[in-house]
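Participant: For reference, the file entry-v8.pdb (PDB, C-alpha atoms and all ligand atoms) is included below:
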ATOM      1  CA  MET A 705     -12.967 -52.398 -61.780  1.00  0.00           C
ATOM      2  CA  ALA A 706     -11.317 -55.669 -60.901  1.00  0.00           C
ATOM      3  CA  THR A 707      -7.571 -55.870 -61.106  1.00  0.00           C
ATOM      4  CA  VAL A 708      -6.347 -58.333 -63.675  1.00  0.00           C
ATOM      5  CA  LEU A 709      -3.643 -60.481 -62.173  1.00  0.00           C
ATOM      6  CA  MET A 710      -0.422 -61.106 -63.977  1.00  0.00           C
ATOM      7  CA  SER A 711      -0.485 -64.056 -66.317  1.00  0.00           C
ATOM      8  CA  THR A 712       1.663 -67.158 -66.058  1.00  0.00           C
ATOM      9  CA  LYS A 713       3.198 -66.094 -69.347  1.00  0.00           C
ATOM     10  CA  GLN A 714       4.327 -62.815 -67.775  1.00  0.00           C
ATOM     11  CA  LEU A 715       5.606 -64.657 -64.752  1.00  0.00           C
ATOM     12  CA  GLY A 716       7.619 -66.962 -66.972  1.00  0.00           C
ATOM     13  CA  TYR A 717       9.033 -64.044 -68.891  1.00  0.00           C
ATOM     14  CA  ILE A 718      10.045 -62.255 -65.704  1.00  0.00           C
ATOM     15  CA  ARG A 719      11.788 -65.428 -64.572  1.00  0.00           C
ATOM     16  CA  VAL A 720      13.726 -65.597 -67.835  1.00  0.00           C
ATOM     17  CA  LEU A 721      14.731 -61.931 -67.699  1.00  0.00           C
ATOM     18  CA  ALA A 722      15.697 -62.246 -64.043  1.00  0.00           C
ATOM     19  CA  SER A 723      18.080 -65.110 -64.704  1.00  0.00           C
ATOM     20  CA  LYS A 724      19.449 -63.408 -67.795  1.00  0.00           C
ATOM     21  CA  GLY A 725      20.210 -60.238 -65.857  1.00  0.00           C
ATOM     22  CA  GLY A 726      21.268 -61.998 -62.681  1.00  0.00           C
ATOM     23  CA  PHE A 727      18.429 -60.443 -60.650  1.00  0.00           C
ATOM     24  CA  ASN A 728      16.695 -62.046 -57.707  1.00  0.00           C
ATOM     25  CA  PHE A 729      13.382 -63.352 -58.992  1.00  0.00           C
ATOM     26  CA  ASP A 730      11.535 -63.295 -55.652  1.00  0.00           C
ATOM     27  CA  GLU A 731      12.732 -59.801 -54.858  1.00  0.00           C
ATOM     28  CA  LEU A 732      11.606 -58.549 -58.251  1.00  0.00           C
ATOM     29  CA  LEU A 733       8.103 -59.866 -57.671  1.00  0.00           C
ATOM     30  CA  MET A 734       7.610 -58.086 -54.357  1.00  0.00           C
ATOM     31  CA  GLY A 735       4.688 -55.720 -54.764  1.00  0.00           C
ATOM     32  CA  VAL A 736       3.987 -56.932 -58.285  1.00  0.00           C
ATOM     33  CA  ALA A 737       0.690 -58.674 -58.665  1.00  0.00           C
ATOM     34  CA  SER A 738      -1.340 -57.155 -61.444  1.00  0.00           C
ATOM     35  CA  MET A 739      -0.901 -57.549 -65.157  1.00  0.00           C
ATOM     36  CA  VAL A 740      -0.104 -53.825 -65.479  1.00  0.00           C
ATOM     37  CA  GLN A 741       2.559 -53.987 -62.774  1.00  0.00           C
ATOM     38  CA  ALA A 742       4.036 -57.099 -64.337  1.00  0.00           C
ATOM     39  CA  SER A 743       4.273 -55.460 -67.705  1.00  0.00           C
ATOM     40  CA  ALA A 744       5.962 -52.415 -66.239  1.00  0.00           C
ATOM     41  CA  LEU A 745       8.441 -54.709 -64.512  1.00  0.00           C
ATOM     42  CA  ILE A 746       9.071 -56.585 -67.773  1.00  0.00           C
ATOM     43  CA  GLU A 747       9.810 -53.352 -69.624  1.00  0.00           C
ATOM     44  CA  GLN A 748      12.188 -52.300 -66.875  1.00  0.00           C
ATOM     45  CA  LEU A 749      13.971 -55.648 -66.921  1.00  0.00           C
ATOM     46  CA  LYS A 750      14.243 -55.648 -70.707  1.00  0.00           C
ATOM     47  CA  ALA A 751      15.939 -52.252 -70.598  1.00  0.00           C
ATOM     48  CA  ARG A 752      18.314 -53.375 -67.868  1.00  0.00           C
ATOM     49  CA  THR A 753      19.253 -56.687 -69.485  1.00  0.00           C
ATOM     50  CA  ALA A 754      19.771 -54.945 -72.826  1.00  0.00           C
ATOM     51  CA  GLN A 755      22.370 -52.738 -71.157  1.00  0.00           C
ATOM     52  CA  ILE A 756      24.109 -55.759 -69.673  1.00  0.00           C
ATOM     53  CA  ALA A 757      24.022 -57.709 -72.945  1.00  0.00           C
ATOM     54  CA  ALA A 758      25.341 -54.865 -75.098  1.00  0.00           C
ATOM     55  CA  PRO A 759      29.036 -55.553 -75.678  1.00  0.00           C
ATOM     56  CA  ALA A 760      31.531 -52.725 -75.531  1.00  0.00           C
ATOM     57  CA  ALA A 761      31.693 -51.171 -78.957  1.00  0.00           C
ATOM     58  CA  THR A 762      34.671 -52.650 -80.750  1.00  0.00           C
ATOM     59  CA  PRO A 763      35.597 -51.019 -84.015  1.00  0.00           C
ATOM     60  CA  GLU A 764      35.284 -53.190 -87.061  1.00  0.00           C
ATOM     61  CA  LEU A 765      38.721 -54.096 -88.441  1.00  0.00           C
ATOM     62  CA  VAL A 766      39.275 -54.212 -92.169  1.00  0.00           C
ATOM     63  CA  ALA A 767      40.399 -57.408 -93.886  1.00  0.00           C
ATOM     64  CA  GLU A 768      43.981 -58.279 -94.820  1.00  0.00           C
ATOM     65  CA  GLY A 769      45.225 -56.628 -97.957  1.00  0.00           C
ATOM     66  CA  ILE A 770      46.773 -53.522 -99.415  1.00  0.00           C
ATOM     67  CA  TYR A 771      45.032 -50.209 -98.795  1.00  0.00           C
ATOM     68  CA  ARG A 772      45.359 -46.694-100.055  1.00  0.00           C
ATOM     69  CA  ARG A 773      43.978 -44.258 -97.522  1.00  0.00           C
ATOM     70  CA  SER A 774      41.945 -41.747 -99.472  1.00  0.00           C
ATOM     71  CA  SER A 775      42.567 -38.860 -97.053  1.00  0.00           C
ATOM     72  CA  ASP A 776      46.319 -38.745 -97.734  1.00  0.00           C
ATOM     73  CA  ALA A 777      47.015 -41.417-100.389  1.00  0.00           C
ATOM     74  CA  SER A 778      49.230 -43.330 -97.934  1.00  0.00           C
ATOM     75  CA  MET A 779      49.681 -47.017 -98.676  1.00  0.00           C
ATOM     76  CA  PHE A 780      49.147 -49.635 -96.006  1.00  0.00           C
ATOM     77  CA  ARG A 781      49.413 -53.341 -95.650  1.00  0.00           C
ATOM     78  CA  VAL A 782      46.934 -54.949 -93.285  1.00  0.00           C
ATOM     79  CA  GLN A 783      48.053 -58.257 -91.877  1.00  0.00           C
ATOM     80  CA  THR A 784      47.380 -60.601 -88.989  1.00  0.00           C
ATOM     81  CA  ALA A 785      49.887 -61.310 -86.250  1.00  0.00           C
ATOM     82  CA  GLN A 786      50.644 -65.017 -86.178  1.00  0.00           C
ATOM     83  CA  ASP A 787      50.956 -65.327 -82.417  1.00  0.00           C
ATOM     84  CA  SER A 788      48.040 -63.201 -81.210  1.00  0.00           C
ATOM     85  CA  GLY A 789      45.795 -63.327 -84.259  1.00  0.00           C
ATOM     86  CA  ARG A 790      45.421 -59.540 -84.058  1.00  0.00           C
ATOM     87  CA  ARG A 791      45.106 -57.574 -87.238  1.00  0.00           C
ATOM     88  CA  TYR A 792      47.146 -54.416 -87.744  1.00  0.00           C
ATOM     89  CA  ALA A 793      48.353 -52.052 -90.445  1.00  0.00           C
ATOM     90  CA  LYS A 794      51.827 -51.181 -91.619  1.00  0.00           C
ATOM     91  CA  THR A 795      52.570 -48.146 -93.687  1.00  0.00           C
ATOM     92  CA  LEU A 796      54.638 -48.317 -96.850  1.00  0.00           C
ATOM     93  CA  LEU A 797      57.943 -46.463 -96.536  1.00  0.00           C
ATOM     94  CA  ALA A 798      59.328 -44.381 -99.362  1.00  0.00           C
ATOM     95  CA  ALA A 799      62.620 -46.234 -99.054  1.00  0.00           C
ATOM     96  CA  GLY A 800      60.816 -49.569 -99.346  1.00  0.00           C
ATOM     97  CA  GLY A 801      59.623 -51.833 -96.572  1.00  0.00           C
ATOM     98  CA  TRP A 802      56.785 -51.440 -94.150  1.00  0.00           C
ATOM     99  CA  ASP A 803      56.614 -49.868 -90.755  1.00  0.00           C
ATOM    100  CA  TYR A 804      54.034 -50.701 -88.095  1.00  0.00           C
ATOM    101  CA  GLU A 805      51.845 -47.717 -87.423  1.00  0.00           C
ATOM    102  CA  ARG A 806      49.909 -47.974 -84.213  1.00  0.00           C
ATOM    103  CA  GLY A 807      46.169 -47.467 -84.661  1.00  0.00           C
ATOM    104  CA  ALA A 808      46.454 -46.972 -88.405  1.00  0.00           C
ATOM    105  CA  ILE A 809      44.169 -49.913 -89.034  1.00  0.00           C
ATOM    106  CA  TYR A 810      41.307 -47.944 -87.487  1.00  0.00           C
ATOM    107  CA  THR A 811      41.766 -45.209 -90.066  1.00  0.00           C
ATOM    108  CA  LEU A 812      41.206 -47.561 -92.994  1.00  0.00           C
ATOM    109  CA  ALA A 813      37.896 -48.295 -94.636  1.00  0.00           C
ATOM    110  CA  ALA A 814      36.956 -51.516 -96.389  1.00  0.00           C
ATOM    111  CA  SER A 815      36.320 -49.483 -99.539  1.00  0.00           C
ATOM    112  CA  GLU A 816      39.982 -48.385 -99.563  1.00  0.00           C
ATOM    113  CA  ARG A 817      41.228 -51.936-100.044  1.00  0.00           C
ATOM    114  CA  LEU A 818      42.926 -52.164-103.416  1.00  0.00           C
ATOM    115  CA  THR A 819      42.030 -54.746-106.002  1.00  0.00           C
ATOM    116  CA  LEU A 820      44.769 -56.501-107.938  1.00  0.00           C
ATOM    117  CA  ALA A 821      44.099 -54.167-110.874  1.00  0.00           C
ATOM    118  CA  GLN A 822      44.447 -51.081-108.628  1.00  0.00           C
ATOM    119  CA  ILE A 823      47.699 -52.415-107.198  1.00  0.00           C
ATOM    120  CA  GLN A 824      48.987 -52.914-110.726  1.00  0.00           C
ATOM    121  CA  ALA A 825      47.978 -49.385-111.726  1.00  0.00           C
ATOM    122  CA  TRP A 826      49.794 -48.025-108.683  1.00  0.00           C
ATOM    123  CA  GLY A 827      52.840 -50.165-109.539  1.00  0.00           C
ATOM    124  CA  LEU A 828      52.902 -48.882-113.096  1.00  0.00           C
ATOM    125  CA  ASP A 829      52.926 -45.349-111.691  1.00  0.00           C
ATOM    126  CA  THR A 830      55.554 -45.846-109.030  1.00  0.00           C
ATOM    127  CA  GLY A 831      57.648 -48.797-110.185  1.00  0.00           C
ATOM    128  CA  VAL A 832      57.070 -50.408-106.790  1.00  0.00           C
ATOM    129  CA  CYS A 833      55.203 -53.600-105.988  1.00  0.00           C
ATOM    130  CA  ALA A 834      52.622 -52.496-103.415  1.00  0.00           C
ATOM    131  CA  VAL A 835      52.268 -56.004-102.021  1.00  0.00           C
ATOM    132  CA  CYS A 836      55.904 -56.565-100.991  1.00  0.00           C
ATOM    133  CA  SER A 837      57.143 -52.947-101.247  1.00  0.00           C
ATOM    134  CA  ARG A 838      60.045 -53.925-103.500  1.00  0.00           C
ATOM    135  CA  LEU A 839      61.131 -52.093-106.601  1.00  0.00           C
ATOM    136  CA  LEU A 840      59.892 -53.803-109.738  1.00  0.00           C
ATOM    137  CA  SER A 841      63.039 -55.083-111.405  1.00  0.00           C
ATOM    138  CA  THR A 842      62.283 -57.329-114.346  1.00  0.00           C
ATOM    139  CA  ALA A 843      60.750 -55.987-117.557  1.00  0.00           C
ATOM    140  CA  ASP A 844      57.719 -58.238-117.068  1.00  0.00           C
ATOM    141  CA  SER A 845      57.105 -56.954-113.545  1.00  0.00           C
ATOM    142  CA  VAL A 846      57.514 -53.321-114.551  1.00  0.00           C
ATOM    143  CA  ALA A 847      55.030 -53.871-117.367  1.00  0.00           C
ATOM    144  CA  ALA A 848      52.596 -55.630-115.037  1.00  0.00           C
ATOM    145  CA  GLY A 849      52.979 -53.173-112.154  1.00  0.00           C
ATOM    146  CA  ILE A 850      53.424 -56.044-109.731  1.00  0.00           C
ATOM    147  CA  GLY A 851      55.841 -58.891-109.107  1.00  0.00           C
ATOM    148  CA  PRO A 852      54.784 -62.362-110.321  1.00  0.00           C
ATOM    149  CA  VAL A 853      54.730 -63.995-106.879  1.00  0.00           C
ATOM    150  CA  CYS A 854      52.696 -61.158-105.369  1.00  0.00           C
ATOM    151  CA  ALA A 855      50.323 -61.192-108.330  1.00  0.00           C
ATOM    152  CA  ARG A 856      49.610 -64.874-107.721  1.00  0.00           C
ATOM    153  CA  ARG A 857      49.116 -64.435-104.008  1.00  0.00           C
ATOM    154  CA  TYR A 858      47.006 -61.314-103.929  1.00  0.00           C
ATOM    155  CA  SER A 859      43.287 -61.673-104.302  1.00  0.00           C
TER
HETATM  156 ZN    ZN B   1      55.807 -57.920-104.738  1.00  0.00          ZN
END
Mind turning this structure into structure tokens?
Facilitator:
Amino acid sequence: MATVLMSTKQLGYIRVLASKGGFNFDELLMGVASMVQASALIEQLKARTAQIAAPAATPELVAEGIYRRSSDASMFRVQTAQDSGRRYAKTLLAAGGWDYERGAIYTLAASERLTLAQIQAWGLDTGVCAVCSRLLSTADSVAAGIGPVCARRYS
């Protein structure tokens, strides 16, 4: 049975994969002449370039907003640092205010982000505006469960 030589299409593909993976094209082709050998080489190169191309797994960060972590009902504010552009989470303190909690953002799920209505419900319960962490002071704010400025800003 005659050996079928590799096609120009295969050769072109090997060239592409070689440059993608930073491999030496001529070296790769040493000892590769048949279509079967070329296809084995292509499979090998595809696997190797896939490894190179795969970025290190970076965890998906949740969007800015107010979160209630379902595992412990803790409240968090997710925000973006102005200088670095990094997103992070602060935890709501019982005494009011927020405290940066390292790594907390990775414990939050997108589904735990509160809607305006959920923030209001929480505010009605606690008397605290979950957006700014301040005690609701005016009768209107207490009735709404959120301060007027925060209600306008939060979406
Ligand atoms: Zn507020």
Participant: For atom CA of Gly769 of chain A and atom CA of Ala847 of chain A, quote the distance in Å rounded to one decimal.
Facilitator: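 It comes out at 21.9 Å.
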Participant: Draw an axis-aligned box tight on the listed atoms of segment 772-781 of chain A, then pad every side by 6 Å and write out centre and edge lengths in Å to one decimal as lines of an AutoDock Vina configuration file.
Facilitator:
center_x = 45.8
center_y = -46.0
center_z = -98.0
size_x = 19.7
size_y = 26.6
size_z = 16.7
Participant: List the spatial neighbours of Phe729 of chain A as a short mmCIF file (atom, residue, chain, number, x, y, z; two decimals) with C-alpha atoms, in the coordinates of the input - criterion: any atom at most 12 Å away, all atoms listed in the file, same-chain residues fewer than 2 positions off excluded.
Facilitator:
data_model
loop_
_atom_site.label_atom_id
_atom_site.label_comp_id
_atom_site.auth_asym_id
_atom_site.auth_seq_id
_atom_site.Cartn_x
_atom_site.Cartn_y
_atom_site.Cartn_z
CA LEU A 715 5.61 -64.66 -64.75
CA GLY A 716 7.62 -66.96 -66.97
CA TYR A 717 9.03 -64.04 -68.89
CA ILE A 718 10.04 -62.26 -65.70
CA ARG A 719 11.79 -65.43 -64.57
CA VAL A 720 13.73 -65.60 -67.83
CA LEU A 721 14.73 -61.93 -67.70
CA ALA A 722 15.70 -62.25 -64.04
CA SER A 723 18.08 -65.11 -64.70
CA LYS A 724 19.45 -63.41 -67.80
CA GLY A 725 20.21 -60.24 -65.86
CA GLY A 726 21.27 -62.00 -62.68
CA PHE A 727 18.43 -60.44 -60.65
CA GLU A 731 12.73 -59.80 -54.86
CA LEU A 732 11.61 -58.55 -58.25
CA LEU A 733 8.10 -59.87 -57.67
CA MET A 734 7.61 -58.09 -54.36
CA VAL A 736 3.99 -56.93 -58.28
CA LEU A 745 8.44 -54.71 -64.51
CA ILE A 746 9.07 -56.58 -67.77
CA LEU A 749 13.97 -55.65 -66.92
#
Participant: Since I can't run it myself right now, could you work out what the PyMOL selection byres (((not hetatm)) within 8 of (chain B and resi 1)) selects here and report it as an NGL selection string?
Facilitator: :A and (832-838 or 840 or 850-855)
Participant: Place a sphere of radius 10 Å on (37.0, -53.8, -94.9) in the file coordinates and name every protein, DNA or RNA residue with an atom inside or on its surface, counting all atoms listed in the file; give the answer as a list in words.
Facilitator: Glu764, Leu765, Val766, Ala767, Glu768, Gly769, Tyr771, Leu812, Ala813, Ala814, Ser815, Glu816 and Arg817 of chain A
Participant: Once the PyMOL selection byres (((chain A and resi 804) around 7) and not hetatm) has been evaluated on this model, what residues remain selected, and can you format them as a list of chain:residue names?
Facilitator: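 With the shown file as input, the PyMOL selection byres (((chain A and resi 804) around 7) and not hetatm) matches A:Ala793, A:Lys794, A:Thr795, A:Trp802, A:Asp803, A:Glu805, A:Arg806.
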Participant: Calculated over all atoms listed in the file, which of the candidates A:Gly831, A:Met739, A:Leu796, A:Arg791 has the smallest distance to Arg772 of chain A?
Facilitator: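 Checking each candidate against Arg772 of chain A, we get A:Leu796 as the closest.
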Participant: Which residue out of A:Ala843, A:Ser711, A:Ile770, A:Phe780 has the minimum interatomic distance to Ile823 of chain A when only C-alpha atoms are used?
Facilitator: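 Nearest candidate to Ile823 of chain A out of A:Ala843, A:Ser711, A:Ile770, A:Phe780: A:Ile770.
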Participant: Using all atoms listed in the file, which of the listed residues (A:Leu839, A:Ala777, A:Leu709, A:Ala848) sits closest to Ala821 of chain A?
Facilitator: A:Ala848
Participant: May I ask for the distance between atom CA of Val708 of chain A and atom CA of Ser738 of chain A, given in Å to one decimal place?
Facilitator: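 Interatomic distance here is 5.6 Å.
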